[in-house]
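Below: the structure, in structure tokens.
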Amino acid sequence: MSKIKNAFSKNLKQFVMLITLVVIIIFFQVLTRGILLKPMNVFNLINQNAYVVLLAVGMLICILTGGNIDLSVGSVVAFVGACAGTFMITWKWDPYLSVVLCLLIGILIGIWHGFWIAYVRIPSFIVTLSGQLVFRGLTLIVLQGLTIAPFPARFTSLSTGAIGNFLGGLLPGVPLRNITSLIIGLVIAAGVIVLQLKKRADRKRKGYSYDSLAATLTRAAVISAAIIYFFYILANYSGAPVVLITVGIVLIVYSYLTSKTVLGRHVYAVGGNEKAARLSGVKTDKIKFLAYVNMSFLAAVAGLVFAARLNSSSPQAGTGFELDAIGACFIGGASAYGGIGTVGGTLIGALIMGVLNNGMSIMGVSIDVQQVVKGLVLLTAVAFDVISKQKISLGFFSRLFGRFFHRKQAV
Amino acid sequence: MADALLEMRNITKTFPGVLALSNVNLRVEEGEIHAIVGENGAGKSTLMNVLSGVYPYGSYSGDIIYDGQVCQFMNIRDSERLGIVIIHQELALVPYLSIGENMFLGNEQRGPLGINWDQTYQNAQKHMEEVGLYENPRTLIKDIGVGKQQLVEIAKALAKNVRLLILDEPTSSLNDEDSRNLLNLLLKFRKERGITSIMISHKLNEIAYVADKITILRDGATIETLDNRADAVSEPRIIRGMVGREMVDRFPRRVPNIGEKLLEVENWTVYHPLFTERRLVDNVSINVRRGEVVGIAGLIGAGRTELCQSVFGKAYGTKISGTVKKDGQVLEMNSAADAIAHGFAYITEDRKGDGLVLAESIKHNITLSRLSLVSARGVIDKDQEQQAAENYKQQLNIRTPDVEQQVGNLSGGNQQKVLLGKWMFSKPDIMMLDEPTRGIDVGAKYEIYSIINDLVSEGKAVLMISSELPELLGMCDRIYIMVEGRIVGEMPRGEVTQELIMDRIMQASKGAQTA
């Protein structure tokens, strides 16, 4: 019994967030009279939010190392987009070469930031605020204040559009536009079931606690059903967005890095207790440095994805992106002090932000009100986390209200 | 006989799992200087924190009677209102504010429009002259020396109309001349203004010089109060009171099996990382043999922690010079990672601050210092990790349902075992234990002593810092005595007694020349 309770409380946060996401989806599905989950809208939703997920994963790593944030990512997105435009549109360089160069530029920017933060020990807030100004300014210089367009198709096809229906035409009697998308979904779902069963078998063989077969199968079935439904929706429109490949790879790689590798463990340790980590032989400076190199690398990836989606390089691209990314991390359960947070949670956080944006836009809620709502959601999510963790909630509220009621009674 | 200004009756204070004060009585008469002495952890600072309201009324039992009234202080402000002012060992001054601003911090001289700066600096000047501090009150605190900073604290107390001044180790960071000034100032205040003082100190010659009464605390209880006015109290008399406890069988037996020299530290000198002129470890040479437990005795601030941390891959301090040898080979270690790779472990005294990652599981903490043992090509083998953690949970008897538990939820004793497990996991040859039993109960202490015995029986070398002398006497084969960064003595088991150690410490840390 206590074990169940324990497992539940441990996963409570993630579970609550997932439920929140589902509730928000249902809420907007009803309010928008079903538009939210229309195939075309889901397709757009993914394309609109891909860059947030990419940036949020990078931001999560920075936050994990001790609540450090990166305010420069919006400007880096713009700068990398500007470089991409200059290489491909102005100078007509090869798109693939240009992509590689842009990613290298991202890494160089990260080295610049990481050097000042990790080795000179200037607070990350200041270094990246400086980066925000510097790279926005450089973007304007590179573009001379102009928007340049369009990109060659070889570049935009890397992250826009749908995965083609190369596995053949329409099935007789099934009104789907893109069968391939559904097949991809089925393959992923099958993979999930196999992995779940394998994990259970491994735990059983090694003598650890394991779930009953029914529980495992139920969980696998629910996850698979969600995946199949998701791809089924997409199959009704033009198919699975190409950008899902990039996002999927990033999510899988970083989940693995954070949960299974020595490097990932060191990141958590630095954020959890930097002194203890250093005395345990962790190269804390190096970890911080790498976190920022990685952040700017992912910002470069996001910059390319974003430029391809707009099919132009704009001097104003990426404004305010850093706030979306930071918000996604905190809504997703990352601790503002570092050491706590997961890639999965961050994905859910990004989706909550994305669905909120999209749902309110469909309903015609104006941008100003949208910002108010997003701001309050962020505060609520973090307040929930802080209060549930500190266990001061009861004491605090009883003192607050106790005093209030006390006075009333006295009168 | 003068009236009692302060009486503390049957004060008892417990921290989770620790009885810090047990029925302590203290009687301080108006206009006297009352010294409180005792070993580290005897309860002196706790008693003063109870008196000044740092621990609020209700968190302890017993009565505080001040000026004939029973007092119930909820915070420092309450006690200050009655003229009780405490000056802590760590000065509570803000370095980037001026002397005057510091003196009236929290007690600002208000005018109709905010702070009245003219009055602030004028009053500051007045009180500074009273303590013999001739500086511009607009000077920043960071620009004056420690001795003058101590005077600012006293001037600050005067500004609060102090009647009872409490000083916690006031001369510990002062040189001889500044110490003498300070003591004379106390005598002057007593004579001219009738200010009563309570002074906590380790420096017995200074106590003999200024104190009227001396109260000795030991293990959280009042032992006796000696009258220094009637007949001068000798230093050995005080030391006997401080350490004279009965030794019961609190330590597991060990058959010594001592081998070759494993660790040799030679001419080791370390400076403070920020105040790079302050020498914290001064030309220290020590060694530890295989199978040997060697202790370092000394007061808090003697440089023991700094010594061990700096040996551990220069994890502390700057301008470090000297050599570290293991098995006769000189080692070049420039990071904690290097030290771990060479088979060193340093188990910190501050398990929460720099030992454990409290938000992480027992499992993740245990493997952190040497993840390479449970990983291949940078990927952690979670099964191996689990097994290793289970292994230490069993071996060290860590009381917890499973190794997934967050370390922050464990009791102090269990946390300490996790910390030990973490460093045993790193397979060291040389373990440096810094206050390994601080703040844990007697049962857990015994278990930790047993673990230490097991370690040396495997041929490891253990270097142990402890402020509890009985612990050092019970566990160590040899004890070094460290005072103010220097090794001032080395005694083998059998020859050493608590009185000898305390005497050596007191001799070496002779404070101000008061004769």
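Residues are referred to by chain and number: the chain letter is A, B, ... according to the order shown in the structure tokens, the number counts from 1 in that chain, and ligands are numbered separately from 1 in the order shown.
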Distance filter 6 Å, only C-alpha atoms, chain B against chain A, as a PyMOL selection string: chain B and resi 336-337+354-357+369+378-380
Residues within 12 Å of stretch 100-111 of chain A, please, as a ChimeraX atom specification. Count only C-alpha atoms; anything in the same chain fewer than 6 positions from it doesn't count. /A:58,62,70,72-73,75-88,93-94,117-119,124,127-128,131-132,134-135,155,286,288-305,307
May I have the residues from that selection written out with C-alpha atoms, as a PDB file, in the first residue's frame?
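Generated output (part_28.pdb):
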ATOM      1  CA  GLY A  58      17.650  23.531 -24.051  1.00  0.00           C
ATOM      2  CA  CYS A  62      20.240  25.415 -18.135  1.00  0.00           C
ATOM      3  CA  ASP A  70      19.033  32.092 -21.006  1.00  0.00           C
ATOM      4  CA  SER A  72      19.251  35.445 -25.417  1.00  0.00           C
ATOM      5  CA  VAL A  73      17.518  32.570 -27.224  1.00  0.00           C
ATOM      6  CA  SER A  75      17.798  36.874 -30.474  1.00  0.00           C
ATOM      7  CA  VAL A  76      19.879  33.816 -31.306  1.00  0.00           C
ATOM      8  CA  VAL A  77      16.902  32.385 -33.218  1.00  0.00           C
ATOM      9  CA  ALA A  78      16.714  35.623 -35.203  1.00  0.00           C
ATOM     10  CA  PHE A  79      20.471  35.814 -35.763  1.00  0.00           C
ATOM     11  CA  VAL A  80      20.754  32.221 -36.983  1.00  0.00           C
ATOM     12  CA  GLY A  81      17.739  32.814 -39.238  1.00  0.00           C
ATOM     13  CA  ALA A  82      19.426  35.904 -40.609  1.00  0.00           C
ATOM     14  CA  CYS A  83      22.638  33.981 -41.286  1.00  0.00           C
ATOM     15  CA  ALA A  84      20.661  31.220 -42.987  1.00  0.00           C
ATOM     16  CA  GLY A  85      18.918  33.780 -45.198  1.00  0.00           C
ATOM     17  CA  THR A  86      22.155  35.507 -46.077  1.00  0.00           C
ATOM     18  CA  PHE A  87      23.902  32.230 -46.950  1.00  0.00           C
ATOM     19  CA  MET A  88      21.095  30.714 -48.981  1.00  0.00           C
ATOM     20  CA  TRP A  93      25.113  28.804 -50.982  1.00  0.00           C
ATOM     21  CA  ASP A  94      24.190  25.162 -50.801  1.00  0.00           C
ATOM     22  CA  ILE A 117      29.002  32.286 -17.172  1.00  0.00           C
ATOM     23  CA  ALA A 118      30.972  29.183 -16.203  1.00  0.00           C
ATOM     24  CA  TYR A 119      34.566  30.374 -16.101  1.00  0.00           C
ATOM     25  CA  SER A 124      23.784  33.998 -16.382  1.00  0.00           C
ATOM     26  CA  VAL A 127      25.484  37.462 -19.738  1.00  0.00           C
ATOM     27  CA  THR A 128      22.391  36.362 -21.631  1.00  0.00           C
ATOM     28  CA  GLY A 131      23.478  38.320 -25.595  1.00  0.00           C
ATOM     29  CA  GLN A 132      19.876  39.306 -26.189  1.00  0.00           C
ATOM     30  CA  VAL A 134      24.104  41.832 -29.010  1.00  0.00           C
ATOM     31  CA  PHE A 135      22.501  39.209 -31.255  1.00  0.00           C
ATOM     32  CA  PHE A 155      15.907  23.997 -47.212  1.00  0.00           C
ATOM     33  CA  LYS A 286      32.338  22.354 -17.365  1.00  0.00           C
ATOM     34  CA  LYS A 288      27.497  24.819 -16.814  1.00  0.00           C
ATOM     35  CA  PHE A 289      29.569  25.645 -19.858  1.00  0.00           C
ATOM     36  CA  LEU A 290      28.157  22.700 -21.791  1.00  0.00           C
ATOM     37  CA  ALA A 291      24.600  23.600 -20.760  1.00  0.00           C
ATOM     38  CA  TYR A 292      24.953  26.980 -22.466  1.00  0.00           C
ATOM     39  CA  VAL A 293      26.727  25.624 -25.527  1.00  0.00           C
ATOM     40  CA  ASN A 294      23.852  23.172 -25.860  1.00  0.00           C
ATOM     41  CA  MET A 295      21.273  25.894 -25.328  1.00  0.00           C
ATOM     42  CA  SER A 296      22.559  27.999 -28.196  1.00  0.00           C
ATOM     43  CA  PHE A 297      22.939  24.917 -30.393  1.00  0.00           C
ATOM     44  CA  LEU A 298      19.253  24.107 -29.877  1.00  0.00           C
ATOM     45  CA  ALA A 299      18.391  27.776 -30.382  1.00  0.00           C
ATOM     46  CA  ALA A 300      20.140  27.516 -33.741  1.00  0.00           C
ATOM     47  CA  VAL A 301      18.079  24.434 -34.615  1.00  0.00           C
ATOM     48  CA  ALA A 302      14.946  26.319 -33.590  1.00  0.00           C
ATOM     49  CA  GLY A 303      16.104  29.325 -35.624  1.00  0.00           C
ATOM     50  CA  LEU A 304      16.393  27.191 -38.761  1.00  0.00           C
ATOM     51  CA  VAL A 305      13.002  25.565 -38.156  1.00  0.00           C
ATOM     52  CA  ALA A 307      13.015  30.555 -40.647  1.00  0.00           C
TER      53      ALA A 307
END
Within stretch 83-131 of chain B, find each residue whose DSSP state, derived from the backbone, is strand (DSSP E), and express the selection as a PyMOL selection string. chain B and resi 84-87+110-111+114-115
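What separates atom CA of B:Leu469 from atom CA of B:Glu39 is a distance of 8.8 Å.
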Residue contacts of stretch 344-353 of chain B (6 Å, only C-alpha atoms) excluding same-chain residues fewer than 6 positions away, as a CSV table (one decimal) with N, CA and C atoms, in the first residue's frame:
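Dumped everything to selection-v2.csv:
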chain,number,residue,atom,x,y,z
B,428,PRO,N,37.8,4.4,-1.5
B,428,PRO,CA,39.0,5.1,-1.2
B,428,PRO,C,40.0,4.3,-0.4
B,430,ILE,N,42.2,6.3,1.5
B,430,ILE,CA,42.4,7.3,2.6
B,430,ILE,C,41.1,8.0,2.8
B,431,MET,N,40.5,7.9,4.0
B,431,MET,CA,39.3,8.6,4.3
B,431,MET,C,39.5,9.7,5.3
B,432,MET,N,39.1,10.9,4.9
B,432,MET,CA,39.2,12.0,5.9
B,432,MET,C,37.8,12.3,6.4
B,433,LEU,N,37.5,12.1,7.6
B,433,LEU,CA,36.2,12.3,8.2
B,433,LEU,C,36.1,13.6,9.0
B,434,ASP,N,35.3,14.5,8.6
B,434,ASP,CA,35.2,15.8,9.3
B,434,ASP,C,33.9,15.8,10.2
B,435,GLU,N,34.1,15.8,11.5
B,435,GLU,CA,33.0,15.7,12.4
B,435,GLU,C,32.0,14.6,12.0
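Taking atom CA of B:Ser335 and atom CA of B:Gly313 as the two end points, the separation is 4.4 Å.
Take the candidates A:Ile148, A:Leu234, A:Leu37, A:Val42 and check each one against A:Leu182 using only C-alpha atoms; the shortest distance goes to A:Leu234.
Using only C-alpha atoms, the nearest neighbour of A:Ile326 within the list A:Gly191, A:Ala240, A:Trp91, A:Ile63 is A:Ile63.
With distances restricted to only C-alpha atoms, B:His34 is the closest residue to B:Arg229 from B:Arg478, B:Arg438, B:His127, B:His34.
For B:Ile501, the non-local neighbours within 10 Å, defined as residues at least 5 positions apart in the same chain or in other chains and counting only C-alpha atoms, are Ala297, Gly298, Leu469, Ile479, Tyr480, Ile481, Met482, Gly489, Glu490, Met491, Val496, Met506 and Gln507 of chain B.
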Output for the residues just chosen: C-alpha atoms as an mmCIF file, in the first residue's frame:
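The resulting out_12.cif:
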data_model
loop_
_atom_site.group_PDB
_atom_site.id
_atom_site.type_symbol
_atom_site.label_atom_id
_atom_site.label_comp_id
_atom_site.auth_asym_id
_atom_site.auth_seq_id
_atom_site.Cartn_x
_atom_site.Cartn_y
_atom_site.Cartn_z
ATOM 1 C CA ALA B 297 41.917 17.918 17.918
ATOM 2 C CA GLY B 298 41.401 21.651 18.077
ATOM 3 C CA LEU B 469 37.488 15.059 22.692
ATOM 4 C CA ILE B 479 46.039 12.517 17.916
ATOM 5 C CA TYR B 480 47.464 15.701 16.453
ATOM 6 C CA ILE B 481 46.590 18.960 18.162
ATOM 7 C CA MET B 482 45.995 21.934 15.917
ATOM 8 C CA GLY B 489 51.388 18.537 19.483
ATOM 9 C CA GLU B 490 51.131 14.838 18.665
ATOM 10 C CA MET B 491 50.145 12.248 21.227
ATOM 11 C CA VAL B 496 46.763 11.276 25.953
ATOM 12 C CA MET B 506 45.097 26.705 25.903
ATOM 13 C CA GLN B 507 48.869 27.093 26.151
#
Enter the distance from atom CA of A:Asp211 to atom CA of A:Ser335, in Å, rounded to one decimal. 29.4 Å
Skip A:Pro150 itself and residues of its chain fewer than 2 positions away, then list as a PyMOL selection string all residues within 9 Å of it, counting only C-alpha atoms. chain A and resi 85+89+148+152-153+310-313
If you keep C-alpha atoms, can you produce a file of those selected residues as a compact mmCIF listing (two decimals), in the first residue's frame?
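part37.txt, written as the output of this step:
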# COMPACT_ATOMS: atom_id res chain seq x y z
CA GLY A 85 18.92 33.78 -45.20
CA ILE A 89 19.18 33.65 -50.42
CA ILE A 148 14.71 38.54 -47.04
CA PRO A 152 15.11 27.41 -51.58
CA ALA A 153 12.70 24.49 -51.35
CA LEU A 310 8.16 31.69 -42.22
CA ASN A 311 10.11 31.06 -45.42
CA SER A 312 12.00 34.29 -44.72
CA SER A 313 14.61 35.85 -42.47
